[in-house]
Each structure stands twice: as structure tokens, then as C-alpha cells.
$ cat final-v7.json   # JSON, C-alpha atoms and all ligand atoms
[["chain", "number", "residue", "atom", "x", "y", "z"],
["P", 1, "MET", "CA", -18.75, -10.85, 21.01],
["P", 2, "ALA", "CA", -17.65, -10.24, 17.45],
["P", 3, "ARG", "CA", -15.40, -12.06, 15.02],
["P", 4, "ILE", "CA", -12.61, -9.67, 14.10],
["P", 5, "LEU", "CA", -10.10, -10.41, 11.36],
["P", 6, "ILE", "CA", -6.73, -8.66, 11.43],
["P", 7, "ILE", "CA", -4.64, -8.36, 8.27],
["P", 8, "GLY", "CA", -0.99, -8.18, 9.25],
["P", 9, "GLY", "CA", -1.60, -10.35, 12.29],
["P", 10, "HIS", "CA", 2.06, -10.72, 13.24],
["P", 11, "GLY", "CA", 2.81, -7.01, 13.06],
["P", 12, "LYS", "CA", 4.00, -5.19, 16.15],
["P", 13, "VAL", "CA", 0.69, -3.31, 16.53],
["P", 14, "ALA", "CA", -1.36, -6.43, 15.81],
["P", 15, "LEU", "CA", 0.44, -8.50, 18.45],
["P", 16, "LEU", "CA", -0.57, -5.84, 21.00],
["P", 17, "LEU", "CA", -4.12, -5.60, 19.65],
["P", 18, "GLU", "CA", -4.90, -9.31, 19.66],
["P", 19, "PRO", "CA", -4.81, -9.82, 23.46],
["P", 20, "LEU", "CA", -6.95, -6.69, 23.97],
["P", 21, "LEU", "CA", -9.65, -8.01, 21.65],
["P", 22, "VAL", "CA", -9.47, -11.53, 23.09],
["P", 23, "ALA", "CA", -9.76, -10.14, 26.64],
["P", 24, "ALA", "CA", -12.83, -8.17, 25.53],
["P", 25, "GLY", "CA", -14.44, -11.47, 24.52],
["P", 26, "HIS", "CA", -14.01, -11.27, 20.78],
["P", 27, "GLU", "CA", -12.97, -14.06, 18.44],
["P", 28, "VAL", "CA", -9.85, -12.88, 16.64],
["P", 29, "ILE", "CA", -8.55, -14.27, 13.37],
["P", 30, "ALA", "CA", -5.06, -13.09, 12.49],
["P", 31, "LEU", "CA", -3.85, -13.34, 8.89],
["P", 32, "ILE", "CA", -0.11, -13.97, 8.74],
["P", 33, "ARG", "CA", 2.11, -14.69, 5.76],
["P", 34, "ASN", "CA", 4.79, -16.73, 7.52],
["P", 35, "PRO", "CA", 3.63, -20.04, 9.07],
["P", 36, "ALA", "CA", 6.54, -19.81, 11.54],
["P", 37, "HIS", "CA", 4.71, -16.91, 13.23],
["P", 38, "ALA", "CA", 1.64, -19.03, 14.04],
["P", 39, "GLY", "CA", 2.74, -20.00, 17.56],
["P", 40, "GLU", "CA", 3.48, -16.43, 18.62],
["P", 41, "VAL", "CA", 0.11, -15.28, 17.31],
["P", 42, "ALA", "CA", -1.77, -18.18, 18.88],
["P", 43, "ALA", "CA", -0.18, -17.29, 22.25],
["P", 44, "THR", "CA", -2.16, -14.01, 22.17],
["P", 45, "GLY", "CA", -5.41, -15.99, 22.01],
["P", 46, "ALA", "CA", -5.98, -15.17, 18.34],
["P", 47, "THR", "CA", -6.39, -17.84, 15.68],
["P", 48, "PRO", "CA", -3.60, -17.57, 13.10],
["P", 49, "ARG", "CA", -4.42, -18.19, 9.45],
["P", 50, "VAL", "CA", -1.68, -18.19, 6.83],
["P", 51, "ALA", "CA", -2.55, -15.84, 3.97],
["P", 52, "ASP", "CA", -0.16, -13.70, 1.91],
["P", 53, "VAL", "CA", -2.45, -10.83, 0.94],
["P", 54, "GLU", "CA", -0.01, -9.65, -1.72],
["P", 55, "ASN", "CA", -0.74, -12.79, -3.70],
["P", 56, "LEU", "CA", -4.45, -13.31, -3.06],
["P", 57, "GLU", "CA", -7.18, -12.21, -5.43],
["P", 58, "THR", "CA", -10.21, -10.30, -4.18],
["P", 59, "ALA", "CA", -12.42, -13.39, -4.33],
["P", 60, "GLU", "CA", -9.92, -15.38, -2.24],
["P", 61, "LEU", "CA", -9.78, -12.59, 0.33],
["P", 62, "ALA", "CA", -13.59, -12.41, 0.37],
["P", 63, "GLU", "CA", -13.71, -16.10, 1.13],
["P", 64, "LEU", "CA", -11.35, -15.59, 4.10],
["P", 65, "PHE", "CA", -13.42, -12.62, 5.32],
["P", 66, "THR", "CA", -16.80, -14.36, 5.15],
["P", 67, "GLY", "CA", -18.36, -14.56, 8.59],
["P", 68, "ALA", "CA", -16.24, -11.77, 10.08],
["P", 69, "ASP", "CA", -17.91, -8.78, 11.72],
["P", 70, "ALA", "CA", -14.99, -6.42, 11.22],
["P", 71, "ILE", "CA", -11.71, -6.21, 9.33],
["P", 72, "VAL", "CA", -8.62, -4.43, 10.68],
["P", 73, "TRP", "CA", -5.84, -3.56, 8.23],
["P", 74, "SER", "CA", -2.56, -3.32, 10.14],
["P", 75, "ALA", "CA", -0.27, -4.78, 7.49],
["P", 76, "GLY", "CA", 2.49, -2.99, 5.68],
["P", 77, "ALA", "CA", 5.45, -3.78, 3.45],
["P", 78, "GLY", "CA", 7.68, -1.81, 5.81],
["P", 79, "GLY", "CA", 8.96, 0.64, 3.21],
["P", 80, "GLY", "CA", 12.24, 0.19, 1.40],
["P", 81, "ASN", "CA", 11.03, -1.59, -1.72],
["P", 82, "PRO", "CA", 8.66, 0.65, -3.75],
["P", 83, "ALA", "CA", 7.22, -2.22, -5.83],
["P", 84, "ARG", "CA", 6.34, -4.23, -2.74],
["P", 85, "THR", "CA", 5.06, -1.10, -1.01],
["P", 86, "TYR", "CA", 2.59, -0.48, -3.85],
["P", 87, "ALA", "CA", 1.71, -4.20, -3.99],
["P", 88, "VAL", "CA", 0.87, -4.42, -0.27],
["P", 89, "ASP", "CA", 0.05, -0.96, 1.09],
["P", 90, "ARG", "CA", -2.00, 0.10, -1.97],
["P", 91, "ASP", "CA", -3.07, -2.84, -4.14],
["P", 92, "ALA", "CA", -3.65, -5.52, -1.52],
["P", 93, "ALA", "CA", -5.32, -2.97, 0.75],
["P", 94, "ILE", "CA", -7.68, -1.97, -2.06],
["P", 95, "ARG", "CA", -8.45, -5.63, -2.81],
["P", 96, "SER", "CA", -9.21, -6.14, 0.88],
["P", 97, "ILE", "CA", -11.71, -3.25, 0.76],
["P", 98, "ASP", "CA", -13.43, -4.81, -2.27],
["P", 99, "ALA", "CA", -13.32, -8.20, -0.55],
["P", 100, "ALA", "CA", -14.91, -6.84, 2.62],
["P", 101, "THR", "CA", -17.68, -5.35, 0.48],
["P", 102, "ALA", "CA", -18.14, -8.62, -1.42],
["P", 103, "ALA", "CA", -18.20, -10.65, 1.79],
["P", 104, "GLY", "CA", -20.73, -8.32, 3.42],
["P", 105, "VAL", "CA", -18.34, -7.29, 6.21],
["P", 106, "ARG", "CA", -19.35, -3.68, 6.75],
["P", 107, "ARG", "CA", -16.92, -2.59, 9.48],
["P", 108, "TYR", "CA", -13.36, -1.85, 8.32],
["P", 109, "VAL", "CA", -10.63, -0.14, 10.34],
["P", 110, "MET", "CA", -7.57, 0.96, 8.40],
["P", 111, "VAL", "CA", -4.28, 1.84, 10.09],
["P", 112, "SER", "CA", -2.87, 4.68, 8.04],
["P", 113, "TYR", "CA", -0.51, 7.43, 9.18],
["P", 114, "PHE", "CA", -0.66, 11.03, 10.37],
["P", 115, "ASP", "CA", -0.77, 13.49, 7.46],
["P", 116, "ALA", "CA", -1.65, 10.77, 4.94],
["P", 117, "GLY", "CA", -3.41, 12.22, 1.94],
["P", 118, "LEU", "CA", -3.27, 12.80, -1.78],
["P", 119, "ASN", "CA", -1.54, 16.15, -1.10],
["P", 120, "HIS", "CA", 1.17, 14.55, 1.03],
["P", 121, "GLY", "CA", 3.87, 16.77, -0.43],
["P", 122, "ILE", "CA", 6.60, 14.09, -0.31],
["P", 123, "PRO", "CA", 8.96, 14.55, -3.29],
["P", 124, "ALA", "CA", 9.13, 11.69, -5.78],
["P", 125, "ASP", "CA", 12.82, 11.11, -5.03],
["P", 126, "ASN", "CA", 12.15, 10.70, -1.29],
["P", 127, "PRO", "CA", 12.28, 7.05, -0.07],
["P", 128, "PHE", "CA", 8.98, 7.70, 1.75],
["P", 129, "PHE", "CA", 7.21, 8.63, -1.54],
["P", 130, "ALA", "CA", 5.90, 5.17, -2.48],
["P", 131, "TYR", "CA", 4.47, 4.64, 1.02],
["P", 132, "ALA", "CA", 2.82, 8.07, 1.01],
["P", 133, "GLU", "CA", 1.29, 7.45, -2.43],
["P", 134, "ALA", "CA", 0.18, 3.94, -1.55],
["P", 135, "LYS", "CA", -1.48, 4.88, 1.74],
["P", 136, "ALA", "CA", -3.17, 7.92, 0.19],
["P", 137, "ALA", "CA", -4.62, 5.78, -2.60],
["P", 138, "ALA", "CA", -5.88, 3.07, -0.24],
["P", 139, "ASP", "CA", -7.39, 5.62, 2.15],
["P", 140, "ALA", "CA", -9.12, 7.46, -0.72],
["P", 141, "TYR", "CA", -10.54, 4.18, -2.01],
["P", 142, "LEU", "CA", -11.86, 3.28, 1.43],
["P", 143, "ARG", "CA", -13.50, 6.70, 1.93],
["P", 144, "VAL", "CA", -15.68, 6.30, -1.14],
["P", 145, "SER", "CA", -16.57, 2.68, -0.35],
["P", 146, "GLU", "CA", -19.89, 1.71, 1.15],
["P", 147, "LEU", "CA", -18.20, 0.25, 4.20],
["P", 148, "ASP", "CA", -18.49, 1.53, 7.76],
["P", 149, "TRP", "CA", -14.87, 2.61, 7.68],
["P", 150, "THR", "CA", -12.55, 4.29, 10.14],
["P", 151, "ILE", "CA", -9.11, 5.50, 9.12],
["P", 152, "LEU", "CA", -6.73, 5.71, 12.05],
["P", 153, "ALA", "CA", -3.76, 7.95, 11.39],
["P", 154, "PRO", "CA", -1.06, 7.70, 14.06],
["P", 155, "SER", "CA", 2.23, 9.54, 13.72],
["P", 156, "ALA", "CA", 5.62, 7.86, 14.28],
["P", 157, "LEU", "CA", 5.17, 4.60, 16.19],
["P", 158, "THR", "CA", 7.18, 3.81, 19.31],
["P", 159, "LEU", "CA", 7.54, 0.78, 21.54],
["P", 160, "GLU", "CA", 6.72, 2.73, 24.72],
["P", 161, "ALA", "CA", 4.29, 1.35, 27.29],
["P", 162, "PRO", "CA", 0.62, 2.20, 26.84],
["P", 163, "THR", "CA", -0.68, 5.36, 28.52],
["P", 164, "GLY", "CA", -4.29, 4.99, 27.41],
["P", 165, "ARG", "CA", -4.28, 8.69, 26.51],
["P", 166, "ILE", "CA", -4.07, 10.36, 23.14],
["P", 167, "GLU", "CA", -4.52, 13.71, 21.44],
["P", 168, "VAL", "CA", -6.65, 13.76, 18.30],
["P", 169, "ALA", "CA", -5.59, 15.91, 15.34],
["P", 170, "ALA", "CA", -3.44, 18.47, 17.20],
["P", 171, "PRO", "CA", 0.20, 17.46, 16.68],
["P", 172, "ALA", "CA", 1.11, 18.12, 20.30],
["P", 173, "SER", "CA", 3.72, 15.41, 20.11],
["P", 174, "THR", "CA", 5.02, 13.62, 17.09],
["P", 175, "ALA", "CA", 4.85, 10.06, 18.30],
["P", 176, "VAL", "CA", 2.45, 7.48, 19.60],
["P", 177, "SER", "CA", 3.11, 4.12, 21.17],
["P", 178, "ARG", "CA", 2.07, 1.02, 19.27],
["P", 179, "ALA", "CA", 0.34, -0.04, 22.49],
["P", 180, "ASN", "CA", -1.81, 3.09, 22.37],
["P", 181, "VAL", "CA", -2.51, 2.48, 18.68],
["P", 182, "ALA", "CA", -3.67, -1.04, 19.54],
["P", 183, "ALA", "CA", -5.95, 0.37, 22.25],
["P", 184, "VAL", "CA", -7.33, 2.97, 19.80],
["P", 185, "ILE", "CA", -8.13, 0.26, 17.25],
["P", 186, "ALA", "CA", -9.93, -1.80, 19.91],
["P", 187, "ALA", "CA", -11.85, 1.24, 21.16],
["P", 188, "SER", "CA", -12.77, 2.32, 17.61],
["P", 189, "LEU", "CA", -14.38, -1.03, 16.94],
["P", 190, "ASP", "CA", -16.66, -0.32, 19.91],
["P", 191, "GLU", "CA", -17.35, 3.33, 19.12],
["P", 192, "PRO", "CA", -19.89, 4.08, 16.36],
["P", 193, "ALA", "CA", -18.84, 7.75, 16.42],
["P", 194, "THR", "CA", -15.63, 6.73, 14.62],
["P", 195, "ILE", "CA", -17.52, 5.37, 11.59],
["P", 196, "ARG", "CA", -16.74, 7.30, 8.37],
["P", 197, "ARG", "CA", -14.13, 9.35, 10.21],
["P", 198, "THR", "CA", -10.40, 9.80, 9.88],
["P", 199, "VAL", "CA", -8.80, 10.03, 13.31],
["P", 200, "ALA", "CA", -5.28, 11.46, 13.31],
["P", 201, "PHE", "CA", -3.69, 11.10, 16.70],
["P", 202, "ASN", "CA", -0.57, 11.13, 18.87],
["P", 203, "ASP", "CA", 0.12, 10.25, 22.46],
["P", 204, "GLY", "CA", -1.61, 12.89, 24.57],
["P", 205, "ASP", "CA", -3.61, 13.61, 27.70],
["P", 206, "VAL", "CA", -7.16, 12.58, 26.82],
["P", 207, "PRO", "CA", -8.43, 9.10, 27.71],
["P", 208, "ILE", "CA", -8.83, 7.16, 24.46],
["P", 209, "ALA", "CA", -12.58, 6.55, 24.82],
["P", 210, "ASP", "CA", -13.24, 10.26, 25.44],
["P", 211, "ALA", "CA", -10.99, 11.31, 22.56],
["P", 212, "LEU", "CA", -12.79, 9.01, 20.12],
["P", 213, "ARG", "CA", -16.26, 10.05, 21.28],
["P", 214, "ALA", "CA", -15.53, 13.76, 20.86],
["S", 301, "LIG", "N1", 6.23, 2.65, 11.44],
["S", 301, "LIG", "C1", 5.58, 3.77, 11.70],
["S", 301, "LIG", "O1", 6.12, 4.71, 12.33],
["S", 301, "LIG", "C2", 4.15, 3.91, 11.27],
["S", 301, "LIG", "C3", 3.55, 5.13, 11.47],
["S", 301, "LIG", "C4", 2.20, 5.26, 11.19],
["S", 301, "LIG", "C5", 1.49, 4.16, 10.69],
["S", 301, "LIG", "N2", 2.11, 2.97, 10.46],
["S", 301, "LIG", "C6", 1.29, 1.83, 9.97],
["S", 301, "LIG", "O2", 1.02, 1.03, 11.11],
["S", 301, "LIG", "C7", 0.70, -0.30, 10.70],
["S", 301, "LIG", "C8", 1.29, -1.33, 11.63],
["S", 301, "LIG", "O3", 2.61, -0.97, 12.00],
["S", 301, "LIG", "P1", 3.54, -2.07, 12.71],
["S", 301, "LIG", "O4", 4.60, -1.34, 13.43],
["S", 301, "LIG", "O5", 2.70, -3.08, 13.43],
["S", 301, "LIG", "O6", 4.16, -2.74, 11.39],
["S", 301, "LIG", "P2", 4.92, -4.15, 11.24],
["S", 301, "LIG", "O7", 5.38, -4.64, 12.55],
["S", 301, "LIG", "O8", 5.90, -3.96, 10.14],
["S", 301, "LIG", "O9", 3.73, -5.10, 10.76],
["S", 301, "LIG", "C9", 3.29, -5.16, 9.46],
["S", 301, "LIG", "C10", 2.85, -6.58, 9.21],
["S", 301, "LIG", "O10", 2.36, -6.68, 7.86],
["S", 301, "LIG", "C11", 2.67, -7.99, 7.44],
["S", 301, "LIG", "N3", 2.69, -8.15, 6.00],
["S", 301, "LIG", "C12", 3.53, -7.56, 5.12],
["S", 301, "LIG", "N4", 3.27, -8.02, 3.88],
["S", 301, "LIG", "C13", 2.26, -8.91, 4.00],
["S", 301, "LIG", "C14", 1.56, -9.74, 3.09],
["S", 301, "LIG", "N5", 1.87, -9.73, 1.79],
["S", 301, "LIG", "N6", 0.57, -10.55, 3.55],
["S", 301, "LIG", "C15", 0.26, -10.56, 4.87],
["S", 301, "LIG", "N7", 0.89, -9.80, 5.79],
["S", 301, "LIG", "C16", 1.88, -9.00, 5.35],
["S", 301, "LIG", "C17", 4.06, -8.24, 7.99],
["S", 301, "LIG", "O11", 4.30, -9.62, 8.01],
["S", 301, "LIG", "P3", 5.74, -10.25, 8.49],
["S", 301, "LIG", "O12", 5.66, -10.23, 9.99],
["S", 301, "LIG", "O13", 5.70, -11.61, 7.90],
["S", 301, "LIG", "O14", 6.78, -9.33, 7.93],
["S", 301, "LIG", "C18", 3.97, -7.60, 9.37],
["S", 301, "LIG", "O15", 3.61, -8.55, 10.34],
["S", 301, "LIG", "C19", 1.13, -0.42, 9.25],
["S", 301, "LIG", "O16", -0.05, -0.42, 8.46],
["S", 301, "LIG", "C20", 1.92, 0.87, 9.00],
["S", 301, "LIG", "O17", 1.72, 1.30, 7.66],
["S", 301, "LIG", "C21", 3.43, 2.83, 10.75]]
$ encode --input "final-v7.json" --output "C-alpha cells"
Amino acid sequence: MARILIIGGHGKVALLLEPLLVAAGHEVIALIRNPAHAGEVAATGATPRVADVENLETAELAELFTGADAIVWSAGAGGGNPARTYAVDRDAAIRSIDAATAAGVRRYVMVSYFDAGLNHGIPADNPFFAYAEAKAAADAYLRVSELDWTILAPSALTLEAPTGRIEVAAPASTAVSRANVAAVIAASLDEPATIRRTVAFNDGDVPIADALRA
């Protein structure tokens, strides 16, 4: 049993991840920014804790993280507002990496996106630009940290039912269900072979555990 803390605990992926982790016997702490979401999160078996990561300093985040065995970043500003995108997807994510280091929480799983990277090629006038820049910066910061990190990079997220099967790297399809993403996060936490790796994936034909071990 581990104590796993999810940032973005009321997100669509997180709400699918929480029951998987609880069923596996883990203690799950879900950071949410809206107290009205507490009941829905608690119904998954996770413990909701109200924390707006956009407005918390590194030391405050480190205090929240103390005692956790792993951190999962599944938050996001949702695009649209570039300033908020940089504040959440880049700056708060980077503070959470520093906070995990300060709190001695070595394991950190970041939900990024397929094709994320400093050479993302998105033009500056594209509405997706701020998100691409923010995720690339946070991923780059995590890669040079001392944490046992995994960067999960799914492509476009759907609300389809879980298949339990993915395809790593090869863009055989251009979508992946949030339910499969949740299962990949849970499996990554159990699979040391994912440490210090970036796993880009879509829905596919390979059972998740096999795909992550390969
Ligand atoms: N959409 C895609 O196609 C796609 C593709 C690849 C990767 N991703 C990544 O996948 C991840 C999860 O996706 P999803 O569909 O679960 O997203 P989602 O439903 O939009 O969840 C994101 C969560 O982040 C929370 N959040 C935003 N700002 C916050 C803050 N300041 N403090 C605390 N929490 C905050 C939101 O809280 P509220 O509920 O209060 O708004 C929301 O619950 C994100 O990291 C996203 O970047 C998305």
C-alpha cells in the first residue's frame, strides 16, 4: 500500500484513476481547488483536500506532499486563457516538482501529451501555443530533476470505455480513452521500468502492463 497524491483530483482522468488506486489498496489524496467537488471525489474512495496549486508556494505544496509515496500531476488549466495556462501547466507544475523534491517524495508521474517537447512546432498565434510551451517547459524541468519521474504522453483524450490496451510511441490511432490513461497511470506507479521514461501512447492492441514493461 502506498499513499498517492493526485494534483487535479477532480479532473476527468483523475476521477477514473482514484477508484483504480483505491481498489489496489492504496491511500489516495486528491487535491481539488473547488470545495464543492469534495463529495464527488470522496465517493471514489479518495480523500479530497482543497488546494489551489496556482496560488500555493513551493513550501506550501511541500507541506501537503509530506508523507506521500508518489505524486501524480493530472491538473490543467484547460487551455483558452494563456496566462492561466502558464500559471498552472508550467509554473505550478514546476513548483510541484520542486516541492516533491523538498518533501522527499521521489516518485512523480506527469500527465503530458503526445508530441510534447521544446520543438513542438506550434506557431505563436495558434491557441494551442501556450499549452505546448507550458507542457514542454514542465516536462523539461522534470527530466533534469532528481525525482523518479515518468512522463505519460497520451494523444487526444476521449470518454470511451477502457480497453486496457494501448500502443506505445507508434501513432497507430490518434486518440486514447481517459479510462485507459487512468489505467496507464496506475500501472506506471507499479512498474519500475517506467522510471525516467517518457511514454507516448494511444489506444492500441497491447495489454497495458506488457506495453509499459517493453
Ligand atoms: N484534453 C486532451 O485531449 C489532453 C490530451 C493529452 C493530455 N492531456 C492532459 O491530461 C490531463 C488530464 O486531463 P483531463 O481530461 O482529466 O482534464 P480536466 O478534466 O480538465 O482536469 C484538469 C483538472 O485540473 C484542475 N485544476 C485546474 N487548475 C487548478 C488549480 N489551480 N489547482 C488545482 N487544480 C486545478 C481542474 O480543476 P476544476 O475541476 O476545479 O476545474 C480539473 O479538475 C491534463 O494534465 C491535460 O493537460 C489532455
$ axis_aligned_box --input "final-v7.json" --around "ligand LIG 301 (chain S)" --padding-each-side "5 Å" --output "AutoDock Vina command-line options"
--center_x 3.4 --center_y -3.2 --center_z 7.6 --size_x 16.8 --size_y 26.9 --size_z 21.6
$ residues_near_point --input "final-v7.json" --point "(-3.0, 15.2, 2.8)" --cutoff "12 Å" --atoms "all atoms listed in the file" --output "ChimeraX atom specification"
/P:112-122,132-133,135-137,139-140,153,198,200
$ write_last_selection --input "final-v7.json" --atoms "C-alpha atoms" --output "mmCIF file, in the frame of the given file"
data_model
loop_
_atom_site.group_PDB
_atom_site.id
_atom_site.type_symbol
_atom_site.label_atom_id
_atom_site.label_comp_id
_atom_site.auth_asym_id
_atom_site.auth_seq_id
_atom_site.Cartn_x
_atom_site.Cartn_y
_atom_site.Cartn_z
ATOM 1 C CA SER P 112 -2.870 4.680 8.040
ATOM 2 C CA TYR P 113 -0.510 7.430 9.180
ATOM 3 C CA PHE P 114 -0.660 11.030 10.370
ATOM 4 C CA ASP P 115 -0.770 13.490 7.460
ATOM 5 C CA ALA P 116 -1.650 10.770 4.940
ATOM 6 C CA GLY P 117 -3.410 12.220 1.940
ATOM 7 C CA LEU P 118 -3.270 12.800 -1.780
ATOM 8 C CA ASN P 119 -1.540 16.150 -1.100
ATOM 9 C CA HIS P 120 1.170 14.550 1.030
ATOM 10 C CA GLY P 121 3.870 16.770 -0.430
ATOM 11 C CA ILE P 122 6.600 14.090 -0.310
ATOM 12 C CA ALA P 132 2.820 8.070 1.010
ATOM 13 C CA GLU P 133 1.290 7.450 -2.430
ATOM 14 C CA LYS P 135 -1.480 4.880 1.740
ATOM 15 C CA ALA P 136 -3.170 7.920 0.190
ATOM 16 C CA ALA P 137 -4.620 5.780 -2.600
ATOM 17 C CA ASP P 139 -7.390 5.620 2.150
ATOM 18 C CA ALA P 140 -9.120 7.460 -0.720
ATOM 19 C CA ALA P 153 -3.760 7.950 11.390
ATOM 20 C CA THR P 198 -10.400 9.800 9.880
ATOM 21 C CA ALA P 200 -5.280 11.460 13.310
#
$ residues_near_ligand --input "final-v7.json" --ligand "ligand LIG 301 (chain S)" --cutoff "7 Å" --atoms "only C-alpha atoms and all ligand atoms" --output "PyMOL selection string"
chain P and resi 7-14+31-34+51-55+73-78+88+111-114+153-157+178
$ atom_distance --input "final-v7.json" --atom1 "CA of Trp149 in chain P" --atom2 "CA of Phe65 in chain P"
15.5 Å
$ closest_residue --input "final-v7.json" --among "P:Met1, P:Val28, P:Val184, P:Ala59" --to "Ile151 in chain P" --atoms "all atoms listed in the file"
P:Val184
$ closest_residue --input "final-v7.json" --among "P:Asp205, P:Asp210, P:Glu167, P:Glu18" --to "Ala43 in chain P" --atoms "all atoms listed in the file"
P:Glu18
$ residues_near_point --input "final-v7.json" --point "(-13.2, -12.8, 9.0)" --cutoff "10 Å" --atoms "all atoms listed in the file" --output "list in words"
Ala2, Arg3, Ile4, Leu5, Ile6, Ile7, Glu27, Val28, Ile29, Ala30, Leu31, Leu61, Ala62, Glu63, Leu64, Phe65, Thr66, Gly67, Ala68, Asp69, Ala70, Ile71, Val72, Ala100, Ala103 and Val105 of chain P
$ decode --input "final-v7.json" --residues "range 194-206 of chain P" --atoms "C-alpha atoms" --output "mmCIF file, in the first residue's frame"
data_model
loop_
_atom_site.group_PDB
_atom_site.id
_atom_site.type_symbol
_atom_site.label_atom_id
_atom_site.label_comp_id
_atom_site.auth_asym_id
_atom_site.auth_seq_id
_atom_site.Cartn_x
_atom_site.Cartn_y
_atom_site.Cartn_z
ATOM 1 C CA THR P 194 8.732 3.408 -16.488
ATOM 2 C CA ILE P 195 11.047 5.419 -14.209
ATOM 3 C CA ARG P 196 12.946 8.166 -16.093
ATOM 4 C CA ARG P 197 10.999 7.378 -19.254
ATOM 5 C CA THR P 198 8.597 9.307 -21.433
ATOM 6 C CA VAL P 199 5.792 7.047 -22.607
ATOM 7 C CA ALA P 200 3.824 8.398 -25.561
ATOM 8 C CA PHE P 201 0.782 6.275 -26.218
ATOM 9 C CA ASN P 202 -2.610 5.852 -27.874
ATOM 10 C CA ASP P 203 -5.320 3.252 -27.655
ATOM 11 C CA GLY P 204 -3.926 0.096 -29.235
ATOM 12 C CA ASP P 205 -3.700 -3.673 -29.069
ATOM 13 C CA VAL P 206 -1.083 -4.355 -26.400
#
